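Structure file upload_31.cif; described as mmCIF, C-alpha atoms.
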```
data_final
#
loop_
_atom_site.label_atom_id
_atom_site.label_comp_id
_atom_site.auth_asym_id
_atom_site.auth_seq_id
_atom_site.Cartn_x
_atom_site.Cartn_y
_atom_site.Cartn_z
CA MET P 197 -50.41 -7.90 -41.96
CA ILE P 198 -49.81 -4.30 -40.83
CA ARG P 199 -52.42 -1.95 -42.31
CA ASN P 200 -51.36 1.35 -40.70
CA CYS P 201 -47.95 3.03 -40.36
CA PRO P 202 -46.70 2.64 -36.76
CA ASN P 203 -45.18 6.14 -36.96
CA CYS P 204 -47.71 8.41 -38.71
CA GLY P 205 -50.80 6.15 -38.80
CA ALA P 206 -51.25 6.39 -42.59
CA ASP P 207 -53.14 3.61 -44.38
CA LEU P 208 -50.79 1.16 -46.09
CA PRO P 209 -51.28 -0.81 -49.30
CA LEU P 210 -50.93 -4.58 -49.02
CA GLY P 211 -47.32 -5.76 -49.06
CA THR P 212 -45.90 -2.33 -48.18
CA GLN P 213 -42.53 -2.45 -46.40
CA ALA P 214 -41.97 1.31 -45.99
CA CYS P 215 -44.57 4.01 -45.40
CA PRO P 216 -45.05 6.08 -48.60
CA ASP P 217 -45.76 9.21 -46.50
CA CYS P 218 -43.11 9.28 -43.75
CA HIS P 219 -40.78 6.55 -45.19
CA THR P 220 -40.65 4.67 -41.88
CA LEU P 221 -39.83 0.96 -42.14
CA ILE P 222 -43.07 -0.86 -41.31
CA TYR P 223 -41.41 -3.87 -39.71
CA GLY P 224 -38.83 -1.92 -37.70
CA ARG P 225 -39.35 -3.88 -34.48
CA GLU P 226 -39.13 -7.23 -36.24
CA LEU P 227 -35.96 -6.09 -38.00
CA ASP P 228 -34.40 -5.04 -34.69
CA THR P 229 -35.22 -8.45 -33.23
CA LEU P 230 -33.78 -10.34 -36.21
CA ALA P 231 -30.64 -8.18 -36.22
CA ALA P 232 -30.07 -8.80 -32.50
CA GLU P 233 -30.55 -12.57 -32.94
CA ALA P 234 -28.21 -12.63 -35.96
CA ARG P 235 -25.46 -10.80 -34.06
CA SER P 236 -25.93 -13.12 -31.09
CA VAL P 237 -25.48 -16.33 -33.08
CA GLU P 238 -22.67 -14.77 -35.11
CA ALA P 239 -20.82 -14.00 -31.87
CA LYS P 240 -21.11 -17.70 -31.00
CA GLY P 241 -19.53 -18.69 -34.33
CA ASP P 242 -22.72 -19.99 -35.99
CA PHE P 243 -22.33 -18.04 -39.24
CA SER P 244 -24.78 -20.22 -41.19
CA GLN P 245 -27.61 -19.50 -38.75
CA ALA P 246 -26.69 -15.79 -38.70
CA ARG P 247 -26.86 -15.69 -42.50
CA GLU P 248 -30.30 -17.32 -42.41
CA LEU P 249 -31.57 -14.69 -39.95
CA TRP P 250 -30.22 -11.85 -42.10
CA ASN P 251 -31.91 -13.47 -45.10
CA ARG P 252 -35.25 -13.42 -43.26
CA SER P 253 -34.81 -9.70 -42.59
CA LEU P 254 -34.50 -9.10 -46.35
CA THR P 255 -38.13 -10.12 -46.80
CA LEU P 256 -39.14 -7.24 -44.50
CA LEU P 257 -37.08 -4.57 -46.27
CA PRO P 258 -37.73 -2.68 -49.52
CA PRO P 259 -35.48 -4.45 -52.07
CA ASP P 260 -33.90 -1.21 -53.35
CA SER P 261 -33.26 0.32 -49.91
CA LYS P 262 -29.82 1.00 -48.44
CA GLN P 263 -30.69 -1.28 -45.53
CA ALA P 264 -31.35 -4.20 -47.89
CA GLU P 265 -28.07 -3.56 -49.70
CA TRP P 266 -26.20 -3.59 -46.39
CA VAL P 267 -27.87 -6.89 -45.41
CA ARG P 268 -26.90 -8.47 -48.74
CA GLN P 269 -23.29 -7.40 -48.22
CA LYS P 270 -23.38 -8.84 -44.71
CA MET P 271 -24.71 -12.15 -46.02
CA ASN P 272 -22.00 -12.31 -48.66
CA ALA P 273 -19.34 -11.71 -46.02
CA LEU P 274 -20.74 -14.53 -43.87
CA GLU P 275 -20.88 -16.89 -46.84
CA LEU P 276 -17.26 -16.22 -47.73
CA SER P 277 -16.12 -16.80 -44.16
CA LYS P 278 -14.18 -20.00 -43.67
CA THR P 279 -15.83 -20.61 -40.33
CA ALA P 280 -19.21 -20.71 -42.05
CA ASN P 281 -18.05 -23.96 -43.67
CA PRO P 282 -16.57 -26.39 -41.12
CA ALA P 283 -15.29 -28.70 -43.85
CA THR P 284 -13.32 -25.89 -45.44
CA ALA P 285 -12.11 -24.58 -42.10
CA SER P 286 -10.67 -27.95 -41.10
CA THR P 287 -8.64 -28.38 -44.28
CA LYS P 288 -5.49 -26.30 -44.60
CA PRO P 289 -4.84 -25.20 -48.19
CA PRO P 290 -1.33 -25.83 -49.54
CA LEU P 291 1.11 -22.94 -49.36
CA PRO P 292 1.57 -21.01 -52.62
CA LYS P 293 4.74 -21.79 -54.58
CA TRP P 294 6.05 -18.25 -54.21
CA VAL P 295 5.96 -18.63 -50.41
CA LYS P 296 8.19 -21.70 -50.61
CA LYS P 297 10.66 -19.93 -52.90
CA LEU P 298 11.14 -17.16 -50.32
CA GLY P 299 12.38 -19.67 -47.80
CA PRO P 300 12.24 -18.46 -44.17
CA LEU P 301 10.85 -15.10 -45.32
CA GLY P 302 7.86 -16.79 -46.94
CA PRO P 303 5.65 -17.06 -43.82
CA VAL P 304 6.34 -13.40 -42.97
CA ALA P 305 5.34 -12.28 -46.47
CA LEU P 306 2.19 -14.42 -46.29
CA LEU P 307 1.25 -12.92 -42.92
CA LEU P 308 1.68 -9.38 -44.25
CA LEU P 309 -0.47 -10.24 -47.26
CA LYS P 310 -3.25 -11.56 -45.04
CA ALA P 311 -3.05 -8.45 -42.87
CA LYS P 312 -3.54 -6.23 -45.91
CA GLY P 313 -7.32 -6.33 -45.57
CA LEU P 314 -7.16 -5.23 -41.95
CA LEU P 315 -4.79 -2.37 -42.75
CA LEU P 316 -6.99 -1.23 -45.62
CA ALA P 317 -10.02 -1.29 -43.34
CA ILE P 318 -8.21 0.89 -40.81
CA PHE P 319 -7.04 3.39 -43.41
CA LYS P 320 -10.43 3.39 -45.12
CA LEU P 321 -11.99 4.99 -42.06
CA LYS P 322 -9.98 8.12 -42.80
CA PHE P 323 -10.46 9.03 -39.19
CA LEU P 324 -6.90 9.68 -38.04
CA PHE P 325 -5.84 11.39 -41.26
CA SER P 326 -8.86 13.68 -41.52
CA PHE P 327 -8.66 14.55 -37.80
CA PHE P 328 -4.95 15.40 -38.07
CA PHE P 329 -5.60 17.59 -41.12
CA PHE P 330 -8.51 19.25 -39.28
CA VAL P 331 -6.22 20.12 -36.36
CA VAL P 332 -3.52 21.46 -38.70
CA VAL P 333 -5.95 23.74 -40.57
CA TYR P 334 -7.52 25.30 -37.48
CA SER P 335 -4.21 25.56 -35.66
CA GLY P 336 -2.88 27.54 -38.61
CA LEU P 337 -5.90 29.85 -38.54
CA PHE P 338 -6.32 30.42 -34.79
CA GLY P 339 -3.20 29.09 -33.08
CA TRP P 340 -2.43 25.57 -31.96
CA ARG P 341 -4.15 25.80 -28.56
CA PHE P 342 -7.50 26.84 -29.97
CA GLY P 343 -7.08 24.58 -33.01
CA VAL P 344 -6.51 21.45 -30.93
CA GLY P 345 -9.24 22.35 -28.44
CA PHE P 346 -11.74 23.09 -31.19
CA ALA P 347 -10.96 19.82 -32.99
CA VAL P 348 -11.37 17.82 -29.78
CA CYS P 349 -14.74 19.46 -29.10
CA ILE P 350 -15.93 18.54 -32.60
CA LEU P 351 -14.62 15.00 -32.06
CA ILE P 352 -16.60 14.69 -28.82
CA HIS P 353 -19.74 15.89 -30.63
CA GLU P 354 -19.32 13.25 -33.35
CA MET P 355 -18.49 10.52 -30.84
CA GLY P 356 -21.84 11.28 -29.21
CA HIS P 357 -23.49 10.14 -32.45
CA PHE P 358 -21.10 7.19 -32.85
CA ILE P 359 -21.59 5.83 -29.33
CA ASP P 360 -25.37 6.15 -29.50
CA ILE P 361 -25.41 4.30 -32.83
CA LYS P 362 -23.12 1.51 -31.65
CA ARG P 363 -25.04 0.96 -28.41
CA ARG P 364 -28.09 0.20 -30.53
CA GLY P 365 -26.14 -2.54 -32.32
CA LEU P 366 -26.01 -0.67 -35.63
CA PRO P 367 -23.02 -0.53 -37.99
CA ALA P 368 -21.16 2.80 -38.03
CA GLU P 369 -17.81 4.19 -39.09
CA MET P 370 -15.56 6.47 -37.08
CA PRO P 371 -16.01 10.19 -37.79
CA VAL P 372 -14.54 11.84 -40.89
CA PHE P 373 -13.48 15.51 -40.54
CA LEU P 374 -13.85 18.16 -43.24
CA PRO P 375 -12.28 21.56 -42.46
CA GLY P 376 -14.80 24.34 -43.02
CA LEU P 377 -17.73 21.90 -43.02
CA GLY P 378 -17.37 20.03 -39.74
CA ALA P 379 -17.50 16.25 -39.52
CA TYR P 380 -19.87 13.35 -40.03
CA VAL P 381 -20.44 9.74 -38.97
CA ARG P 382 -21.54 7.29 -41.67
CA TRP P 383 -23.96 4.64 -40.44
CA THR P 384 -26.72 2.31 -41.62
CA THR P 385 -30.32 2.95 -40.49
CA LEU P 386 -31.30 -0.71 -40.33
CA GLY P 387 -34.85 -0.94 -39.00
CA VAL P 388 -34.55 2.37 -37.14
CA THR P 389 -37.61 4.50 -36.42
CA LYS P 390 -37.81 8.26 -36.80
CA ARG P 391 -37.74 8.64 -33.03
CA GLN P 392 -34.55 6.60 -32.74
CA ILE P 393 -32.93 8.62 -35.55
CA ALA P 394 -33.94 11.79 -33.69
CA GLN P 395 -32.33 10.52 -30.49
CA ILE P 396 -29.13 9.62 -32.35
CA SER P 397 -29.13 13.08 -33.95
CA LEU P 398 -29.54 14.82 -30.58
CA ALA P 399 -26.79 12.71 -28.99
CA GLY P 400 -24.18 14.72 -30.91
CA PRO P 401 -25.23 18.17 -29.61
CA LEU P 402 -25.61 16.65 -26.14
CA ALA P 403 -22.00 15.47 -26.22
CA GLY P 404 -21.03 18.84 -27.70
CA TRP P 405 -22.72 20.62 -24.79
CA ILE P 406 -20.79 18.43 -22.34
CA ALA P 407 -17.50 19.32 -24.07
CA ALA P 408 -18.31 23.05 -24.08
CA SER P 409 -19.39 22.91 -20.42
CA ILE P 410 -16.07 21.33 -19.47
CA CYS P 411 -14.28 24.16 -21.28
CA PHE P 412 -16.34 26.69 -19.32
CA LEU P 413 -15.54 24.97 -16.01
CA ILE P 414 -11.84 25.09 -16.86
CA TYR P 415 -12.22 28.81 -17.63
CA ALA P 416 -13.93 29.33 -14.26
CA GLN P 417 -10.89 27.81 -12.56
CA THR P 418 -8.11 29.34 -14.68
CA ARG P 419 -9.65 32.56 -16.05
CA ASP P 420 -7.86 31.78 -19.30
CA PRO P 421 -10.01 33.37 -22.08
CA LEU P 422 -9.06 30.54 -24.44
CA TRP P 423 -11.40 28.19 -22.58
CA ALA P 424 -14.21 30.74 -22.59
CA ALA P 425 -13.75 31.10 -26.35
CA LEU P 426 -13.95 27.32 -26.80
CA ALA P 427 -17.05 27.13 -24.59
CA ARG P 428 -18.86 29.90 -26.47
CA THR P 429 -17.82 28.57 -29.88
CA GLY P 430 -19.02 25.09 -28.92
CA ALA P 431 -22.37 26.40 -27.69
CA ILE P 432 -22.92 28.42 -30.88
CA LEU P 433 -21.98 25.57 -33.23
CA ASN P 434 -24.21 23.07 -31.43
CA ILE P 435 -27.17 25.47 -31.46
CA LEU P 436 -26.60 26.06 -35.18
CA ASN P 437 -26.61 22.31 -35.63
CA LEU P 438 -30.05 22.17 -34.02
CA ILE P 439 -31.63 24.40 -36.67
CA PRO P 440 -34.22 22.00 -38.17
CA VAL P 441 -33.19 22.22 -41.81
CA TRP P 442 -31.43 20.11 -44.44
CA ILE P 443 -28.99 17.51 -43.07
CA LEU P 444 -28.35 19.26 -39.74
CA ASP P 445 -29.01 17.31 -36.55
CA GLY P 446 -32.02 19.48 -35.81
CA GLY P 447 -33.58 18.58 -39.16
CA LYS P 448 -33.59 14.87 -38.30
CA ALA P 449 -34.52 15.49 -34.66
CA LEU P 450 -37.68 17.36 -35.68
CA ASN P 451 -39.00 14.56 -37.94
CA PRO P 452 -40.98 12.63 -35.28
CA LEU P 453 -42.58 15.80 -33.85
CA ALA P 454 -46.22 16.49 -34.71
CA ALA P 455 -47.56 19.98 -35.46
CA VAL P 456 -48.35 20.74 -31.82
CA ASP P 457 -44.88 19.57 -30.77
CA ARG P 458 -43.26 21.85 -33.33
CA ALA P 459 -45.38 24.80 -32.22
CA ALA P 460 -44.32 24.21 -28.60
CA LEU P 461 -40.66 23.99 -29.68
CA LEU P 462 -41.08 27.28 -31.58
CA ALA P 463 -42.37 28.92 -28.40
CA ALA P 464 -39.33 27.64 -26.51
CA ALA P 465 -36.93 28.99 -29.16
CA LEU P 466 -38.60 32.42 -29.08
CA ALA P 467 -38.48 32.45 -25.28
CA LEU P 468 -34.75 31.70 -25.40
CA TRP P 469 -34.20 34.52 -27.89
CA MET P 470 -36.05 37.00 -25.66
CA TRP P 471 -34.05 35.88 -22.61
CA THR P 472 -30.57 35.71 -24.15
CA THR P 473 -31.06 38.28 -26.98
CA GLU P 474 -28.85 35.96 -29.05
CA PRO P 475 -29.87 36.17 -32.76
CA ILE P 476 -28.98 32.50 -33.27
CA PHE P 477 -32.29 31.48 -31.68
CA ILE P 478 -34.13 33.46 -34.35
CA LEU P 479 -32.54 31.09 -36.89
CA VAL P 480 -33.75 28.10 -34.89
CA ALA P 481 -37.24 29.60 -34.69
CA ALA P 482 -37.26 30.35 -38.43
CA GLY P 483 -36.37 26.75 -39.21
CA ILE P 484 -39.22 25.50 -37.00
CA VAL P 485 -41.70 27.87 -38.68
CA TRP P 486 -40.73 26.45 -42.06
CA ARG P 487 -41.14 22.88 -40.80
CA LEU P 488 -44.62 23.74 -39.50
CA PHE P 489 -45.75 23.95 -43.12
CA THR P 490 -43.96 20.91 -44.55
CA LYS P 491 -45.85 17.67 -45.19
CA ASP P 492 -43.66 15.42 -43.07
CA LYS P 493 -45.54 15.95 -39.79
CA PRO P 494 -46.68 12.70 -38.10
CA LEU P 495 -50.14 12.57 -36.56
CA GLN P 496 -48.99 11.37 -33.14
CA SER P 497 -47.05 13.58 -30.75
CA ASP P 498 -43.64 12.57 -29.42
CA TRP P 499 -43.24 14.53 -26.21
CA GLY P 500 -40.19 12.49 -25.21
CA THR P 501 -38.22 13.75 -28.21
CA TRP P 502 -39.65 17.24 -27.70
CA THR P 503 -38.42 17.25 -24.10
CA TYR P 504 -34.97 16.07 -25.18
CA PHE P 505 -34.77 18.75 -27.91
CA THR P 506 -36.06 21.55 -25.68
CA ALA P 507 -33.86 20.67 -22.70
CA LEU P 508 -30.81 20.63 -24.97
CA LEU P 509 -31.67 24.08 -26.36
CA TRP P 510 -32.04 25.45 -22.82
CA ALA P 511 -28.78 23.88 -21.66
CA LEU P 512 -26.89 25.38 -24.60
CA ALA P 513 -28.62 28.74 -24.08
CA ILE P 514 -27.54 28.86 -20.43
CA LEU P 515 -23.96 28.10 -21.45
CA LEU P 516 -24.03 30.71 -24.22
CA HIS P 517 -25.53 33.32 -21.90
CA SER P 518 -22.86 32.57 -19.28
CA THR P 519 -20.08 33.46 -21.73
CA THR P 520 -21.65 36.74 -22.87
CA GLY P 521 -19.22 39.61 -22.44
CA ILE P 522 -16.33 37.49 -21.18
CA LEU P 523 -14.27 37.84 -24.36
CA ALA P 524 -14.94 41.52 -24.99
CA GLY P 525 -11.63 43.31 -25.34
CA ARG P 526 -9.60 40.22 -24.44
CA GLY P 527 -7.20 38.43 -26.73
CA ILE P 528 -6.36 34.74 -26.93
CA GLN P 529 -2.73 33.74 -26.79
CA SER P 530 -1.88 31.14 -29.44
CA GLN P 531 1.31 29.98 -27.72
#
```

What would the structure in this file look like if it were written as structure tokens?
Amino acid sequence: MIRNCPNCGADLPLGTQACPDCHTLIYGRELDTLAAEARSVEAKGDFSQARELWNRSLTLLPPDSKQAEWVRQKMNALELSKTANPATASTKPPLPKWVKKLGPLGPVALLLLKAKGLLLAIFKLKFLFSFFFFVVVYSGLFGWRFGVGFAVCILIHEMGHFIDIKRRGLPAEMPVFLPGLGAYVRWTTLGVTKRQIAQISLAGPLAGWIAASICFLIYAQTRDPLWAALARTGAILNILNLIPVWILDGGKALNPLAAVDRAALLAAALALWMWTTEPIFILVAAGIVWRLFTKDKPLQSDWGTWTYFTALLWALAILLHSTTGILAGRGIQSQ
């Protein structure tokens, strides 16, 4: 029986499945192990064993949590699968009467009906439609070249989150784009620690920095101010996203940092402001100051996450500083 939170060290009541202070899942490692085993046997076609493993994970999750709800849905899907019941899978059900009445067109209609679920799943992601609308809106505002480039940079940022989530074996949906608000990736935090959530959160700005850096390299070769504008815009948006407030990436990335970590990150943000004179780093520093007085600080330091966060701020600052003055007095051709 675990008596102390593995994340913040708080004392835990008997039978606790999530820390009442930092809300970390107490049995995160066990849940990761069970999830990996369940996916492994599911890939081999043993759906009954996979369902049993998911059922065991339910006993380690708070019953009313989103993770538990996702596991229950997963178990229901496995139970309804024909391959989970060999007897059912080996017996072909008779064709419906309406299929026979359609004659040679019957099998085609039946195939389309069975494919309906797959088509609905594809359209439910809303990825292609929202991305296309995103491109249209920003192309109308700033010209098609900047609009397409900007949308692709945002896509790369979101794919940074998506790839990091998927490589951990967690369920995630493709990004959904909202003009004026950005984009988001919906995923399930099944047995994920605060440090892992922080790393997933920082993966987006890291990918965004890579996209903006590529734009800057293209500018260095072509001297086309469009690419400098995309590089600077990307740097600014990713730094804004690292402000540790609300649902921004920086807010989640700061969660595993103790008080001393946050103070060190504040010093780094102030140093970047003094070097670049960019006011955006004052916003980052202000967010850190606020989080120094919140009650969500763990007792143990996480210098790995601090290093990741700080290095990303410096990388974006260097890119932002490199574009200073480039666009002054220069226009961007939309055609």

- Name the residues in contact with range 521-523 of chain P at a cut-off of 12 Å, using only C-alpha atoms, excluding same-chain residues fewer than 4 positions from it; report them as a VMD selection string. chain P and resid 412 415 to 416 419 to 429 516 to 517 527 to 528

Would you export the selected residues with C-alpha atoms as an mmCIF file, keeping the file's coordinate frame, please?
```cif
data_model
loop_
_atom_site.group_PDB
_atom_site.id
_atom_site.type_symbol
_atom_site.label_atom_id
_atom_site.label_comp_id
_atom_site.auth_asym_id
_atom_site.auth_seq_id
_atom_site.Cartn_x
_atom_site.Cartn_y
_atom_site.Cartn_z
ATOM 1 C CA PHE P 412 -16.340 26.690 -19.320
ATOM 2 C CA TYR P 415 -12.220 28.810 -17.630
ATOM 3 C CA ALA P 416 -13.930 29.330 -14.260
ATOM 4 C CA ARG P 419 -9.650 32.560 -16.050
ATOM 5 C CA ASP P 420 -7.860 31.780 -19.300
ATOM 6 C CA PRO P 421 -10.010 33.370 -22.080
ATOM 7 C CA LEU P 422 -9.060 30.540 -24.440
ATOM 8 C CA TRP P 423 -11.400 28.190 -22.580
ATOM 9 C CA ALA P 424 -14.210 30.740 -22.590
ATOM 10 C CA ALA P 425 -13.750 31.100 -26.350
ATOM 11 C CA LEU P 426 -13.950 27.320 -26.800
ATOM 12 C CA ALA P 427 -17.050 27.130 -24.590
ATOM 13 C CA ARG P 428 -18.860 29.900 -26.470
ATOM 14 C CA THR P 429 -17.820 28.570 -29.880
ATOM 15 C CA LEU P 516 -24.030 30.710 -24.220
ATOM 16 C CA HIS P 517 -25.530 33.320 -21.900
ATOM 17 C CA GLY P 527 -7.200 38.430 -26.730
ATOM 18 C CA ILE P 528 -6.360 34.740 -26.930
#
```

- Note on the structure: Using all atoms listed in the file, the best pick from P:Lys390, P:Val456, P:Tyr334, P:Gly376 as closest to Ile222 in chain P would be P:Lys390

- Note on the structure: From CA of Asn200 in chain P to CA of Thr212 in chain P the spacing works out at 10.0 Å

Pull the closest atom pair for each residue of range 426-466 of chain P that gets at most 10 Å from range 477-495 of chain P, along with the distance in Å to one decimal, counting only C-alpha atoms, ordering rows by chain and then ascending residue number, as JSON lines.
```
{"residue": "P:Ile432", "atom": "CA", "partner": "P:Phe477", "partner_atom": "CA", "distance": 9.9}
{"residue": "P:Ile435", "atom": "CA", "partner": "P:Val480", "partner_atom": "CA", "distance": 7.9}
{"residue": "P:Leu436", "atom": "CA", "partner": "P:Val480", "partner_atom": "CA", "distance": 7.4}
{"residue": "P:Asn437", "atom": "CA", "partner": "P:Val480", "partner_atom": "CA", "distance": 9.2}
{"residue": "P:Leu438", "atom": "CA", "partner": "P:Val480", "partner_atom": "CA", "distance": 7.0}
{"residue": "P:Ile439", "atom": "CA", "partner": "P:Val480", "partner_atom": "CA", "distance": 4.6}
{"residue": "P:Pro440", "atom": "CA", "partner": "P:Gly483", "partner_atom": "CA", "distance": 5.3}
{"residue": "P:Val441", "atom": "CA", "partner": "P:Gly483", "partner_atom": "CA", "distance": 6.1}
{"residue": "P:Trp442", "atom": "CA", "partner": "P:Gly483", "partner_atom": "CA", "distance": 9.8}
{"residue": "P:Gly446", "atom": "CA", "partner": "P:Val480", "partner_atom": "CA", "distance": 8.8}
{"residue": "P:Gly447", "atom": "CA", "partner": "P:Gly483", "partner_atom": "CA", "distance": 8.6}
{"residue": "P:Leu450", "atom": "CA", "partner": "P:Arg487", "partner_atom": "CA", "distance": 8.3}
{"residue": "P:Asn451", "atom": "CA", "partner": "P:Lys493", "partner_atom": "CA", "distance": 6.9}
{"residue": "P:Pro452", "atom": "CA", "partner": "P:Pro494", "partner_atom": "CA", "distance": 6.4}
{"residue": "P:Leu453", "atom": "CA", "partner": "P:Lys493", "partner_atom": "CA", "distance": 6.6}
{"residue": "P:Ala454", "atom": "CA", "partner": "P:Pro494", "partner_atom": "CA", "distance": 5.1}
{"residue": "P:Ala455", "atom": "CA", "partner": "P:Lys493", "partner_atom": "CA", "distance": 6.3}
{"residue": "P:Val456", "atom": "CA", "partner": "P:Leu488", "partner_atom": "CA", "distance": 9.0}
{"residue": "P:Asp457", "atom": "CA", "partner": "P:Leu488", "partner_atom": "CA", "distance": 9.7}
{"residue": "P:Arg458", "atom": "CA", "partner": "P:Ile484", "partner_atom": "CA", "distance": 6.6}
{"residue": "P:Ala459", "atom": "CA", "partner": "P:Leu488", "partner_atom": "CA", "distance": 7.4}
{"residue": "P:Ala460", "atom": "CA", "partner": "P:Ile484", "partner_atom": "CA", "distance": 9.9}
{"residue": "P:Leu461", "atom": "CA", "partner": "P:Ile484", "partner_atom": "CA", "distance": 7.6}
{"residue": "P:Leu462", "atom": "CA", "partner": "P:Ala481", "partner_atom": "CA", "distance": 5.5}
{"residue": "P:Ala463", "atom": "CA", "partner": "P:Ala481", "partner_atom": "CA", "distance": 8.1}
{"residue": "P:Ala464", "atom": "CA", "partner": "P:Ala481", "partner_atom": "CA", "distance": 8.7}
{"residue": "P:Ala465", "atom": "CA", "partner": "P:Ala481", "partner_atom": "CA", "distance": 5.6}
{"residue": "P:Leu466", "atom": "CA", "partner": "P:Ala481", "partner_atom": "CA", "distance": 6.4}
```

- Item | Selection result of the PyMOL selection byres ((chain P and resi 405) around 8) on this file, as a VMD selection string | chain P and resid 401 to 404 406 to 409 430 to 431 434 511 to 512

- Identify, on the basis of all atoms listed in the file, every residue whose closest approach to Thr501 in chain P does not exceed 10 Å; exclude the query and any residue fewer than 3 positions from it along the same chain; express the result as a ChimeraX atom specification. /P:391-392,394-395,398,449-453,457,497-498,504-507

- Task: Go through P:Gly500, P:Gly224, P:Pro475, P:Pro367 one by one, measure the shortest atom-to-atom distance of each to Val267 in chain P using all atoms listed in the file, and give the residue with the smallest value.
- Result: P:Pro367

- Query: Just how far from CA of Ala347 in chain P is CA of Gly378 in chain P, in Å to one decimal?
  - Reply: 9.3 Å

- Message: As a check of understanding, name the residues that the PyMOL selection byres ((chain P and resi 379) around 10) selects in the supplied structure, as a list in words.
- Response: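 Applied to this file, the PyMOL selection byres ((chain P and resi 379) around 10) selects Ser326, Phe327, Phe330, Ala347, Ile350, Leu351, His353, Glu354, Pro371, Val372, Phe373, Leu374, Pro375, Gly376, Leu377, Gly378, Tyr380 and Val381 of chain P.
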
- Selected residue of minimal separation from Glu226 in chain P among P:Val388, P:Ile361, P:Ala273, P:Leu324, counting only C-alpha atoms: P:Val388

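Using all atoms listed in the file for every distance, the candidate list P:Leu515, P:Val331, P:Ile414, P:Ala214 yields P:Ala214 as the residue closest to Leu257 in chain P.
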
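Each of P:Trp250, P:Ser397, P:Val237, P:Pro258 was compared to Leu508 in chain P using only C-alpha atoms, and P:Ser397 turns out to be the nearest.
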
- Message: Using Å and a single decimal, report how far CA of Met370 in chain P sits from CA of Leu221 in chain P.
- Response: 25.4 Å

- Using all atoms listed in the file, which of P:Trp510, P:Met470, P:Gln263, P:Phe328 sits nearest Trp383 in chain P?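 That would be P:Gln263, the residue with the smallest distance to Trp383 in chain P.
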